[in-house]
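Asker: Here you go, my_file_6.cif (mmCIF, C-alpha atoms):
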```
data_protein
loop_
_atom_site.group_PDB
_atom_site.id
_atom_site.type_symbol
_atom_site.label_atom_id
_atom_site.label_comp_id
_atom_site.auth_asym_id
_atom_site.auth_seq_id
_atom_site.Cartn_x
_atom_site.Cartn_y
_atom_site.Cartn_z
ATOM 1 C CA MET A 482 6.970 -16.398 -11.891
ATOM 2 C CA GLN A 483 5.974 -15.962 -15.518
ATOM 3 C CA ALA A 484 6.302 -12.628 -17.283
ATOM 4 C CA GLY A 485 5.073 -12.822 -20.847
ATOM 5 C CA SER A 486 6.379 -16.056 -22.353
ATOM 6 C CA GLN A 487 9.397 -16.378 -20.107
ATOM 7 C CA ILE A 488 9.628 -17.683 -16.587
ATOM 8 C CA SER A 489 11.906 -15.698 -14.296
ATOM 9 C CA VAL A 490 12.887 -17.053 -10.900
ATOM 10 C CA PRO A 491 13.927 -14.203 -8.605
ATOM 11 C CA PRO A 492 16.890 -14.625 -6.266
ATOM 12 C CA VAL A 493 16.277 -14.612 -2.530
ATOM 13 C CA SER A 494 16.689 -10.939 -1.642
ATOM 14 C CA GLN A 495 18.235 -9.868 1.659
ATOM 15 C CA GLY A 496 15.062 -8.547 3.284
ATOM 16 C CA VAL A 497 13.052 -11.621 2.298
ATOM 17 C CA LEU A 498 15.857 -13.879 3.542
ATOM 18 C CA ARG A 499 15.713 -12.192 6.955
ATOM 19 C CA ILE A 500 11.951 -12.682 7.152
ATOM 20 C CA LEU A 501 12.290 -16.348 6.158
ATOM 21 C CA VAL A 502 15.019 -16.941 8.736
ATOM 22 C CA LEU A 503 12.858 -15.382 11.458
ATOM 23 C CA LEU A 504 9.853 -17.430 10.344
ATOM 24 C CA GLY A 505 11.823 -20.703 10.285
ATOM 25 C CA ALA A 506 13.581 -20.057 13.609
ATOM 26 C CA ALA A 507 10.312 -19.122 15.305
ATOM 27 C CA PHE A 508 8.677 -22.300 13.991
ATOM 28 C CA VAL A 509 11.514 -24.519 15.293
ATOM 29 C CA LEU A 510 11.387 -22.849 18.713
ATOM 30 C CA GLU A 511 7.602 -23.185 18.752
ATOM 31 C CA VAL A 512 7.806 -26.903 17.983
ATOM 32 C CA ILE A 513 10.422 -27.445 20.696
ATOM 33 C CA ALA A 514 8.399 -25.463 23.251
ATOM 34 C CA GLY A 515 5.219 -27.331 22.295
ATOM 35 C CA SER A 516 6.904 -30.706 22.685
ATOM 36 C CA MET A 517 7.861 -29.691 26.222
ATOM 37 C CA GLY A 518 4.234 -28.956 27.064
ATOM 38 C CA THR A 519 4.589 -25.159 27.026
ATOM 39 C CA ASN A 520 1.368 -23.227 26.506
ATOM 40 C CA LEU A 521 1.945 -20.981 23.485
ATOM 41 C CA SER A 522 -1.453 -19.273 23.426
ATOM 42 C CA PRO A 523 -0.214 -16.211 25.414
ATOM 43 C CA LEU A 524 2.016 -15.411 22.417
ATOM 44 C CA ALA A 525 -1.019 -14.751 20.207
ATOM 45 C CA LEU A 526 -2.630 -11.318 20.121
ATOM 46 C CA HIS A 527 -5.587 -11.332 22.519
ATOM 47 C CA PHE A 528 -8.138 -8.638 23.258
ATOM 48 C CA GLY A 529 -9.134 -7.742 26.802
ATOM 49 C CA GLN A 530 -7.649 -9.119 30.006
ATOM 50 C CA ASN A 531 -5.330 -11.542 28.199
ATOM 51 C CA PHE A 532 -3.701 -8.753 26.186
ATOM 52 C CA HIS A 533 -0.033 -7.933 26.717
ATOM 53 C CA PRO A 534 1.875 -5.278 24.701
ATOM 54 C CA ALA A 535 4.542 -7.852 23.804
ATOM 55 C CA GLN A 536 1.906 -9.800 21.866
ATOM 56 C CA ILE A 537 1.982 -7.086 19.163
ATOM 57 C CA LEU A 538 5.396 -8.510 18.260
ATOM 58 C CA THR A 539 5.171 -12.150 19.349
ATOM 59 C CA HIS A 540 1.960 -12.960 17.457
ATOM 60 C CA ILE A 541 3.741 -12.406 14.135
ATOM 61 C CA PHE A 542 6.007 -15.447 14.615
ATOM 62 C CA VAL A 543 3.384 -17.890 15.900
ATOM 63 C CA THR A 544 2.057 -20.470 13.435
ATOM 64 C CA ASP A 545 -0.701 -21.982 15.571
ATOM 65 C CA PRO A 546 -0.694 -21.582 19.365
ATOM 66 C CA ARG A 547 -3.872 -23.582 19.959
ATOM 67 C CA PRO A 548 -3.448 -26.671 22.169
ATOM 68 C CA GLY A 549 -3.317 -29.856 20.145
ATOM 69 C CA ALA A 550 -2.345 -28.137 16.898
ATOM 70 C CA HIS A 551 -0.984 -30.806 14.569
ATOM 71 C CA PHE A 552 2.686 -30.550 13.631
ATOM 72 C CA LEU A 553 2.102 -31.396 9.965
ATOM 73 C CA SER A 554 -0.569 -28.732 9.491
ATOM 74 C CA ARG A 555 1.715 -26.114 11.038
ATOM 75 C CA LEU A 556 4.618 -27.255 8.871
ATOM 76 C CA ILE A 557 2.500 -26.999 5.712
ATOM 77 C CA SER A 558 1.315 -23.546 6.772
ATOM 78 C CA VAL A 559 4.878 -22.315 7.325
ATOM 79 C CA PHE A 560 6.028 -23.880 4.057
ATOM 80 C CA PHE A 561 3.390 -22.126 1.954
ATOM 81 C CA GLU A 562 3.892 -18.833 3.779
ATOM 82 C CA GLY A 563 7.612 -19.107 3.007
ATOM 83 C CA ILE A 564 6.901 -19.862 -0.667
ATOM 84 C CA ILE A 565 4.618 -16.803 -0.957
ATOM 85 C CA ILE A 566 7.066 -14.521 0.844
ATOM 86 C CA TYR A 567 9.911 -15.708 -1.372
ATOM 87 C CA GLY A 568 8.021 -15.735 -4.661
ATOM 88 C CA PHE A 569 6.283 -12.372 -4.364
ATOM 89 C CA GLY A 570 8.401 -10.563 -1.792
ATOM 90 C CA SER A 571 11.710 -11.040 -3.587
ATOM 91 C CA GLN A 572 10.510 -9.319 -6.755
ATOM 92 C CA LEU A 573 8.968 -6.455 -4.783
ATOM 93 C CA GLU A 574 12.215 -5.964 -2.879
ATOM 94 C CA ILE A 575 14.277 -6.079 -6.073
ATOM 95 C CA LEU A 576 11.988 -3.408 -7.515
ATOM 96 C CA TRP A 577 11.686 -1.154 -4.442
ATOM 97 C CA GLY A 578 14.865 -1.779 -2.483
ATOM 98 C CA ARG A 579 15.220 -3.498 0.897
ATOM 99 C CA ARG A 580 14.350 -0.563 3.149
ATOM 100 C CA HIS A 581 11.159 0.343 1.360
ATOM 101 C CA PHE A 582 10.053 -3.286 1.072
ATOM 102 C CA LEU A 583 10.558 -3.977 4.785
ATOM 103 C CA LYS A 584 8.795 -0.715 5.640
ATOM 104 C CA TYR A 585 5.822 -1.733 3.505
ATOM 105 C CA PHE A 586 5.751 -5.220 5.054
ATOM 106 C CA LEU A 587 5.766 -3.694 8.548
ATOM 107 C CA ILE A 588 2.945 -1.271 7.682
ATOM 108 C CA SER A 589 0.870 -4.185 6.404
ATOM 109 C CA LEU A 590 1.499 -6.065 9.677
ATOM 110 C CA LEU A 591 0.413 -2.997 11.663
ATOM 111 C CA GLY A 592 -2.725 -2.817 9.514
ATOM 112 C CA GLY A 593 -3.637 -6.300 10.725
ATOM 113 C CA VAL A 594 -3.186 -5.161 14.338
ATOM 114 C CA LEU A 595 -5.397 -2.104 13.784
ATOM 115 C CA VAL A 596 -8.218 -4.125 12.207
ATOM 116 C CA TRP A 597 -7.880 -6.679 15.013
ATOM 117 C CA SER A 598 -8.268 -3.887 17.601
ATOM 118 C CA ALA A 599 -11.453 -2.696 15.866
ATOM 119 C CA VAL A 600 -12.939 -6.195 15.524
ATOM 120 C CA GLY A 601 -11.763 -7.305 18.963
ATOM 121 C CA SER A 602 -13.883 -4.650 20.647
ATOM 122 C CA VAL A 603 -16.955 -6.422 19.220
ATOM 123 C CA LEU A 604 -15.857 -10.048 18.841
ATOM 124 C CA PRO A 605 -13.225 -11.659 21.104
ATOM 125 C CA VAL A 606 -10.773 -12.923 18.494
ATOM 126 C CA ALA A 607 -7.120 -13.907 18.902
ATOM 127 C CA VAL A 608 -4.798 -13.513 15.901
ATOM 128 C CA TRP A 609 -1.346 -14.795 15.011
ATOM 129 C CA GLY A 610 0.998 -15.208 12.066
ATOM 130 C CA MET A 611 2.319 -13.083 9.187
ATOM 131 C CA GLY A 612 -0.947 -13.107 7.259
ATOM 132 C CA ALA A 613 -1.271 -9.305 7.300
ATOM 133 C CA GLY A 614 2.178 -8.773 5.800
ATOM 134 C CA ILE A 615 1.564 -11.472 3.193
ATOM 135 C CA ALA A 616 -1.795 -9.926 2.223
ATOM 136 C CA GLY A 617 -0.214 -6.498 1.788
ATOM 137 C CA MET A 618 2.523 -8.045 -0.324
ATOM 138 C CA LEU A 619 0.009 -9.791 -2.584
ATOM 139 C CA ILE A 620 -1.999 -6.591 -3.010
ATOM 140 C CA ALA A 621 1.147 -4.720 -4.063
ATOM 141 C CA TYR A 622 2.081 -7.441 -6.537
ATOM 142 C CA ALA A 623 -1.416 -7.468 -8.027
ATOM 143 C CA VAL A 624 -1.411 -3.674 -8.383
ATOM 144 C CA ILE A 625 2.000 -3.517 -10.062
ATOM 145 C CA TRP A 626 1.723 -6.659 -12.201
ATOM 146 C CA PRO A 627 -2.035 -7.334 -12.615
ATOM 147 C CA ASP A 628 -1.620 -9.335 -15.846
ATOM 148 C CA ARG A 629 1.579 -11.166 -14.971
ATOM 149 C CA GLN A 630 1.109 -14.914 -14.847
ATOM 150 C CA VAL A 631 2.129 -17.068 -11.919
ATOM 151 C CA LEU A 632 2.358 -20.841 -11.881
ATOM 152 C CA LEU A 633 -0.185 -22.007 -9.339
ATOM 153 C CA PHE A 634 1.246 -25.100 -7.621
ATOM 154 C CA PHE A 635 4.122 -24.679 -10.123
ATOM 155 C CA VAL A 636 1.833 -26.055 -12.871
ATOM 156 C CA PHE A 637 -1.215 -23.903 -13.708
ATOM 157 C CA PRO A 638 -0.627 -20.425 -15.238
ATOM 158 C CA VAL A 639 -2.955 -17.855 -13.642
ATOM 159 C CA LYS A 640 -3.019 -14.070 -13.937
ATOM 160 C CA MET A 641 -2.153 -12.336 -10.717
ATOM 161 C CA LYS A 642 -5.425 -10.393 -10.441
ATOM 162 C CA TRP A 643 -7.443 -13.627 -10.615
ATOM 163 C CA LEU A 644 -5.153 -15.378 -8.157
ATOM 164 C CA ILE A 645 -5.665 -12.579 -5.627
ATOM 165 C CA LEU A 646 -9.424 -12.661 -6.127
ATOM 166 C CA GLY A 647 -9.473 -16.423 -5.656
ATOM 167 C CA LEU A 648 -7.316 -16.125 -2.551
ATOM 168 C CA PHE A 649 -9.652 -13.713 -0.834
ATOM 169 C CA ILE A 650 -12.686 -15.808 -1.773
ATOM 170 C CA PHE A 651 -10.879 -18.771 -0.232
ATOM 171 C CA ILE A 652 -10.226 -16.743 2.937
ATOM 172 C CA PHE A 653 -13.885 -15.702 3.100
ATOM 173 C CA LEU A 654 -14.974 -19.334 2.876
ATOM 174 C CA PHE A 655 -12.628 -20.099 5.769
ATOM 175 C CA ALA A 656 -14.306 -17.290 7.712
ATOM 176 C CA LEU A 657 -17.640 -19.030 7.291
ATOM 177 C CA GLY A 658 -15.989 -22.046 8.914
ATOM 178 C CA GLY A 659 -14.959 -20.006 11.944
ATOM 179 C CA SER A 660 -11.436 -18.917 10.974
ATOM 180 C CA LEU A 661 -12.064 -15.266 11.755
ATOM 181 C CA ASP A 662 -8.443 -14.666 12.771
ATOM 182 C CA THR A 663 -7.269 -15.239 9.188
ATOM 183 C CA VAL A 664 -9.864 -12.820 7.810
ATOM 184 C CA VAL A 665 -8.902 -10.135 10.323
ATOM 185 C CA LEU A 666 -5.193 -10.331 9.510
ATOM 186 C CA TYR A 667 -5.568 -10.544 5.740
ATOM 187 C CA SER A 668 -8.183 -7.785 5.634
ATOM 188 C CA GLY A 669 -6.043 -5.485 7.773
ATOM 189 C CA GLY A 670 -2.874 -6.152 5.801
ATOM 190 C CA ALA A 671 -4.599 -5.743 2.440
ATOM 191 C CA LEU A 672 -6.305 -2.518 3.528
ATOM 192 C CA ALA A 673 -3.126 -0.997 4.974
ATOM 193 C CA GLY A 674 -1.114 -1.975 1.904
ATOM 194 C CA ALA A 675 -3.711 -0.600 -0.511
ATOM 195 C CA LEU A 676 -3.978 2.702 1.371
ATOM 196 C CA TYR A 677 -0.205 3.068 1.502
ATOM 197 C CA LEU A 678 0.145 2.437 -2.228
ATOM 198 C CA PHE A 679 -2.729 4.802 -3.000
ATOM 199 C CA TYR A 680 -1.107 7.498 -0.848
ATOM 200 C CA HIS A 681 2.123 7.232 -2.821
ATOM 201 C CA ALA A 682 0.212 7.183 -6.112
ATOM 202 C CA ARG A 683 -1.499 10.468 -5.211
ATOM 203 C CA ARG A 684 1.875 12.019 -4.469
ATOM 204 C CA GLY A 685 3.149 10.933 -7.860
ATOM 205 C CA ARG A 686 5.382 8.165 -6.512
ATOM 206 C CA VAL A 687 4.565 5.335 -8.883
ATOM 207 C CA MET A 688 6.060 2.210 -7.359
ATOM 208 C CA ALA A 689 5.972 0.025 -10.456
ATOM 209 C CA GLU A 690 8.375 -1.471 -12.914
ATOM 210 C CA SER A 691 9.274 0.291 -16.144
ATOM 211 C CA SER A 692 8.739 -1.091 -19.611
ATOM 212 C CA SER A 693 12.227 -2.609 -19.521
ATOM 213 C CA GLY A 694 10.897 -5.265 -17.165
ATOM 214 C CA PHE A 695 12.621 -7.338 -14.525
ATOM 215 C CA GLN A 696 16.339 -6.630 -14.408
ATOM 216 C CA GLY A 697 17.560 -8.239 -11.220
ATOM 217 C CA SER A 698 19.692 -6.849 -8.421
ATOM 218 C CA THR A 699 21.462 -4.252 -10.599
ATOM 219 C CA ARG A 700 18.130 -2.493 -11.034
ATOM 220 C CA SER A 701 17.544 -2.508 -7.285
ATOM 221 C CA SER A 702 20.900 -0.874 -6.515
ATOM 222 C CA SER A 703 20.459 1.809 -9.143
ATOM 223 C CA ILE A 704 17.025 2.683 -7.736
ATOM 224 C CA SER A 705 18.263 2.811 -4.152
ATOM 225 C CA SER A 706 21.321 4.933 -4.908
ATOM 226 C CA GLY A 707 19.702 7.182 -7.521
ATOM 227 C CA ILE A 708 16.376 8.332 -6.136
ATOM 228 C CA GLY A 709 15.783 6.539 -2.870
ATOM 229 C CA ALA A 710 13.426 3.642 -2.353
ATOM 230 C CA GLU A 711 10.704 5.866 -0.913
ATOM 231 C CA HIS A 712 10.509 8.117 -3.988
ATOM 232 C CA LEU A 713 10.340 5.743 -6.941
ATOM 233 C CA LYS A 714 9.214 7.457 -10.123
ATOM 234 C CA GLU A 715 8.967 4.640 -12.639
ATOM 235 C CA LYS A 716 6.235 4.202 -15.222
ATOM 236 C CA LYS A 717 3.925 1.248 -15.735
ATOM 237 C CA SER A 718 1.730 0.444 -18.700
ATOM 238 C CA GLY A 719 -1.167 -0.881 -16.614
ATOM 239 C CA GLY A 720 -2.580 -1.134 -13.106
ATOM 240 C CA LEU A 721 -3.893 1.241 -10.472
ATOM 241 C CA PHE A 722 -0.959 3.648 -10.614
ATOM 242 C CA SER A 723 -1.206 4.112 -14.379
ATOM 243 C CA TRP A 724 -4.959 4.691 -14.086
ATOM 244 C CA TRP A 725 -4.466 7.301 -11.360
ATOM 245 C CA GLU A 726 -1.674 9.053 -13.251
ATOM 246 C CA ASN A 727 -3.753 9.192 -16.455
ATOM 247 C CA ARG A 728 -6.737 10.500 -14.499
ATOM 248 C CA GLN A 729 -4.663 13.283 -12.936
ATOM 249 C CA LYS A 730 -3.162 14.162 -16.327
ATOM 250 C CA LYS A 731 -6.626 14.425 -17.890
ATOM 251 C CA LYS A 732 -7.793 16.656 -15.058
ATOM 252 C CA ARG A 733 -4.794 18.975 -15.525
ATOM 253 C CA LEU A 734 -5.334 19.125 -19.292
ATOM 254 C CA ALA A 735 -9.053 19.824 -18.867
ATOM 255 C CA LYS A 736 -8.268 22.628 -16.407
ATOM 256 C CA LYS A 737 -5.751 24.210 -18.803
ATOM 257 C CA GLN A 738 -8.180 23.926 -21.710
ATOM 258 C CA ALA A 739 -10.929 25.582 -19.667
ATOM 259 C CA GLU A 740 -8.572 28.444 -18.817
ATOM 260 C CA ILE A 741 -7.615 28.886 -22.479
ATOM 261 C CA ASP A 742 -11.289 28.913 -23.514
ATOM 262 C CA ARG A 743 -12.072 31.490 -20.825
ATOM 263 C CA ARG A 744 -9.272 33.796 -21.970
ATOM 264 C CA ILE A 745 -10.318 33.475 -25.625
ATOM 265 C CA SER A 746 -13.892 34.329 -24.682
ATOM 266 C CA MET A 747 -12.713 37.286 -22.585
ATOM 267 C CA LYS A 748 -10.542 38.614 -25.436
ATOM 268 C CA GLU A 749 -13.434 38.396 -27.881
ATOM 269 C CA GLU A 750 -15.621 40.349 -25.472
ATOM 270 C CA VAL A 751 -12.882 42.985 -24.975
ATOM 271 C CA ASP A 752 -12.575 43.385 -28.755
ATOM 272 C CA ARG A 753 -16.342 43.852 -29.026
ATOM 273 C CA LEU A 754 -16.412 46.492 -26.294
ATOM 274 C CA LEU A 755 -13.429 48.374 -27.764
ATOM 275 C CA GLU A 756 -15.180 48.466 -31.118
ATOM 276 C CA LYS A 757 -18.317 49.733 -29.396
ATOM 277 C CA ILE A 758 -16.317 52.515 -27.715
ATOM 278 C CA SER A 759 -14.751 53.434 -31.054
ATOM 279 C CA ASN A 760 -18.145 53.726 -32.737
ATOM 280 C CA GLU A 761 -20.356 55.115 -29.950
ATOM 281 C CA GLY A 762 -18.020 56.479 -27.276
ATOM 282 C CA MET A 763 -17.255 55.491 -23.680
ATOM 283 C CA ASP A 764 -20.644 56.633 -22.405
ATOM 284 C CA SER A 765 -22.321 53.892 -24.442
ATOM 285 C CA LEU A 766 -20.943 51.225 -22.084
ATOM 286 C CA THR A 767 -23.086 49.907 -19.263
ATOM 287 C CA ARG A 768 -21.767 49.685 -15.702
ATOM 288 C CA LYS A 769 -21.349 45.921 -16.102
ATOM 289 C CA GLU A 770 -19.349 46.335 -19.315
ATOM 290 C CA LYS A 771 -17.063 48.926 -17.699
ATOM 291 C CA ALA A 772 -16.439 46.583 -14.752
ATOM 292 C CA PHE A 773 -15.628 43.804 -17.206
ATOM 293 C CA LEU A 774 -13.082 45.994 -18.985
ATOM 294 C CA ASP A 775 -11.469 46.889 -15.658
ATOM 295 C CA ASP A 776 -11.141 43.195 -14.733
ATOM 296 C CA ALA A 777 -9.780 42.348 -18.175
ATOM 297 C CA SER A 778 -7.166 45.131 -18.022
ATOM 298 C CA ARG A 779 -5.887 43.808 -14.691
ATOM 299 C CA GLU A 780 -5.720 40.209 -15.952
ATOM 300 C CA PHE A 781 -4.113 40.928 -19.321
#
```
Represent the supplied structure as structure tokens.

Answerer:
Amino acid sequence: MQAGSQISVPPVSQGVLRILVLLGAAFVLEVIAGSMGTNLSPLALHFGQNFHPAQILTHIFVTDPRPGAHFLSRLISVFFEGIIIYGFGSQLEILWGRRHFLKYFLISLLGGVLVWSAVGSVLPVAVWGMGAGIAGMLIAYAVIWPDRQVLLFFVFPVKMKWLILGLFIFIFLFALGGSLDTVVLYSGGALAGALYLFYHARRGRVMAESSSGFQGSTRSSSISSGIGAEHLKEKKSGGLFSWWENRQKKKRLAKKQAEIDRRISMKEEVDRLLEKISNEGMDSLTRKEKAFLDDASREF
């Protein structure tokens, strides 16, 4: 990863390591089962008569259950998924803490299942893989570090926001080629992740790094022990959370200013009416003016 002019390589965090171990072990078992002629398609998430509740879990660890799937293509798929999970997930976990990161990853996976259930009622589509969790992870990274540069293929520096845009365009082009399962998972994961982040932003829980930048595992432990991973309150100079926080602050300031203006206007009117009473007497006031004075006396 590249932050500013320096390249920082995050360590493999504990939560990410567990995901990678599960992904690698599942791939090895899948290859062994496939070489023995075992039909792996029931492990994918199917809609209708082929559905089984266990598929909600098993589909996550399947790389490609279709008969005749080439070993090399599956290996490349697992390799790049592992690179993305390591590269982006490790920094998110270091920032948030293990429990919050794994919770977010799980919510993104469930988002893929929910979108699949909505699409599956119209189009019979089977889904598999960790695409939903990966999509949610990429959305979070783009929201927190929109202008951070990553080395695409370890060579080309690209800003995160453009990388995410290019990724989803790439996925859409795959959809035109019939890969609807990828679109379903990535759309569900991205939507669930975005909604979860937006929910926390509205509650004032800004899950972003502070101006001090990336500080490694020491930062993670201090966050987890100090405030709790679910209630991060750190500031960020850019991104969705900063925009939302500034918007809320402007609304609060505008509301306070309107209240001050109203009170100033009310005081000026009270002064005018008191002067009128002094010069002309109480009977000179209209019913509306007397009601106004009563309201003002209760408020002040």

Asker: Quick one: pull the distance between CA of Lys642 (chain A) and CA of Pro627 (chain A), Å, one decimal.

Answerer: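 Distance reported for this atom pair: 5.1 Å.
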
Asker: Which of these, A:Arg547, A:Gln536, A:Thr519, A:Leu672, has the shortest distance to Ile588 (chain A) once you count only C-alpha atoms?

Answerer: A:Leu672

Asker: Within 12 Å of (0.8, -27.5, -5.3) in the file's own coordinates, which protein, DNA or RNA residues have an atom, counting only C-alpha atoms? List them as an MDAnalysis selection string.

Answerer: chainID A and resid 557 560:561 564 632:637

Asker: Which residue, A:His581, A:Gly610, A:Ala682, A:Thr539, has the smallest gap to Gln729 (chain A) when you use only C-alpha atoms?

Answerer: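 For Gln729 (chain A), the nearest of the given residues is A:Ala682.
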
Asker: Just want the 12 Å neighbourhood of Glu780 (chain A), counted on only C-alpha atoms, with same-chain residues fewer than 4 positions away dropped. Output as a tab-separated table (two decimals) with C-alpha atoms, in the coordinates of the input.

Answerer:
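File written: selection.tsv
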```tsv
chain	number	residue	atom	x	y	z
A	743	ARG	CA	-12.07	31.49	-20.82
A	744	ARG	CA	-9.27	33.80	-21.97
A	747	MET	CA	-12.71	37.29	-22.58
A	748	LYS	CA	-10.54	38.61	-25.44
A	751	VAL	CA	-12.88	42.98	-24.98
A	773	PHE	CA	-15.63	43.80	-17.21
A	774	LEU	CA	-13.08	45.99	-18.98
A	775	ASP	CA	-11.47	46.89	-15.66
A	776	ASP	CA	-11.14	43.20	-14.73
```

Asker: Of the residues A:Ile652, A:Leu553, A:Ala623, A:Leu526, which is the one nearest to Leu573 (chain A), using all atoms listed in the file?

Answerer: A:Ala623

Asker: Between CA of Leu734 (chain A) and CA of Glu749 (chain A), measure the distance and give it in Å to one decimal.

Answerer: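 Between CA of Leu734 (chain A) and CA of Glu749 (chain A) the gap is 22.6 Å.
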
Asker: Which residue out of A:Leu644, A:Val512, A:Ile565, A:Val594 has the minimum interatomic distance to Phe552 (chain A) when only C-alpha atoms are used?

Answerer: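 Nearest candidate to Phe552 (chain A) out of A:Leu644, A:Val512, A:Ile565, A:Val594: A:Val512.
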
Asker: Take the PyMOL selection byres ((chain A and resi 612) around 10), apply it to the structure above, and return the hits as a list in words.

Answerer: Ile541, Glu562, Ser589, Leu590, Gly593, Val608, Trp609, Gly610, Met611, Ala613, Gly614, Ile615, Ala616, Gly617, Met618, Asp662, Thr663, Val664, Val665, Leu666, Tyr667, Ser668, Gly669, Gly670 and Ala671 of chain A

Asker: Have a look at CA of Phe532 (chain A) and CA of Ala607 (chain A) and let me know their distance in Å, one decimal.

Answerer: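 Pair CA of Phe532 (chain A) / CA of Ala607 (chain A) returns 9.6 Å.
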
Asker: When you count all atoms listed in the file, which of these residues is closest to Asp545 (chain A): A:Phe508, A:Ile513, A:Asn531, A:Asp764?

Answerer: A:Phe508

Asker: Of the candidates A:Ala506, A:Leu755, A:Arg499, A:Trp643, which one gets nearest to Arg629 (chain A) if we count only C-alpha atoms?

Answerer: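 Among A:Ala506, A:Leu755, A:Arg499, A:Trp643, it is A:Trp643 that comes nearest to Arg629 (chain A).
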
Asker: Please enumerate the residues selected by the PyMOL selection byres ((chain A and resi 527-530) around 10) when evaluated against the supplied file, formatted as a list in words.

Answerer: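 Listing what the PyMOL selection byres ((chain A and resi 527-530) around 10) selects in the shown file: Ser522, Pro523, Leu524, Ala525, Leu526, Asn531, Phe532, His533, Pro534, Gln536, Ile537, His540, Trp597, Ser598, Val600, Gly601, Ser602, Val603, Leu604, Pro605, Val606, Ala607, Val608 and Trp609 of chain A.
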
Asker: Dump C-alpha atoms for the selected residues as a compact mmCIF listing (two decimals), in the frame of the given file?

Answerer:
```txt
# COMPACT_ATOMS: atom_id res chain seq x y z
CA SER A 522 -1.45 -19.27 23.43
CA PRO A 523 -0.21 -16.21 25.41
CA LEU A 524 2.02 -15.41 22.42
CA ALA A 525 -1.02 -14.75 20.21
CA LEU A 526 -2.63 -11.32 20.12
CA ASN A 531 -5.33 -11.54 28.20
CA PHE A 532 -3.70 -8.75 26.19
CA HIS A 533 -0.03 -7.93 26.72
CA PRO A 534 1.88 -5.28 24.70
CA GLN A 536 1.91 -9.80 21.87
CA ILE A 537 1.98 -7.09 19.16
CA HIS A 540 1.96 -12.96 17.46
CA TRP A 597 -7.88 -6.68 15.01
CA SER A 598 -8.27 -3.89 17.60
CA VAL A 600 -12.94 -6.20 15.52
CA GLY A 601 -11.76 -7.30 18.96
CA SER A 602 -13.88 -4.65 20.65
CA VAL A 603 -16.95 -6.42 19.22
CA LEU A 604 -15.86 -10.05 18.84
CA PRO A 605 -13.22 -11.66 21.10
CA VAL A 606 -10.77 -12.92 18.49
CA ALA A 607 -7.12 -13.91 18.90
CA VAL A 608 -4.80 -13.51 15.90
CA TRP A 609 -1.35 -14.80 15.01
```

Asker: Skipping near chain neighbours, those fewer than 6 positions away, what residues fall within 9 Å of Gly505 (chain A) using only C-alpha atoms, listed as a PyMOL selection string?

Answerer: chain A and resi 542+559+563

Asker: Put the listed atoms of region 542-545 of chain A in a box along x, y and z with 8 Å added on every side and give me the centre and edge lengths in Å to one decimal, as lines of an AutoDock Vina configuration file.

Answerer:
```
center_x = 2.7
center_y = -18.7
center_z = 14.7
size_x = 22.7
size_y = 22.5
size_z = 18.5
```
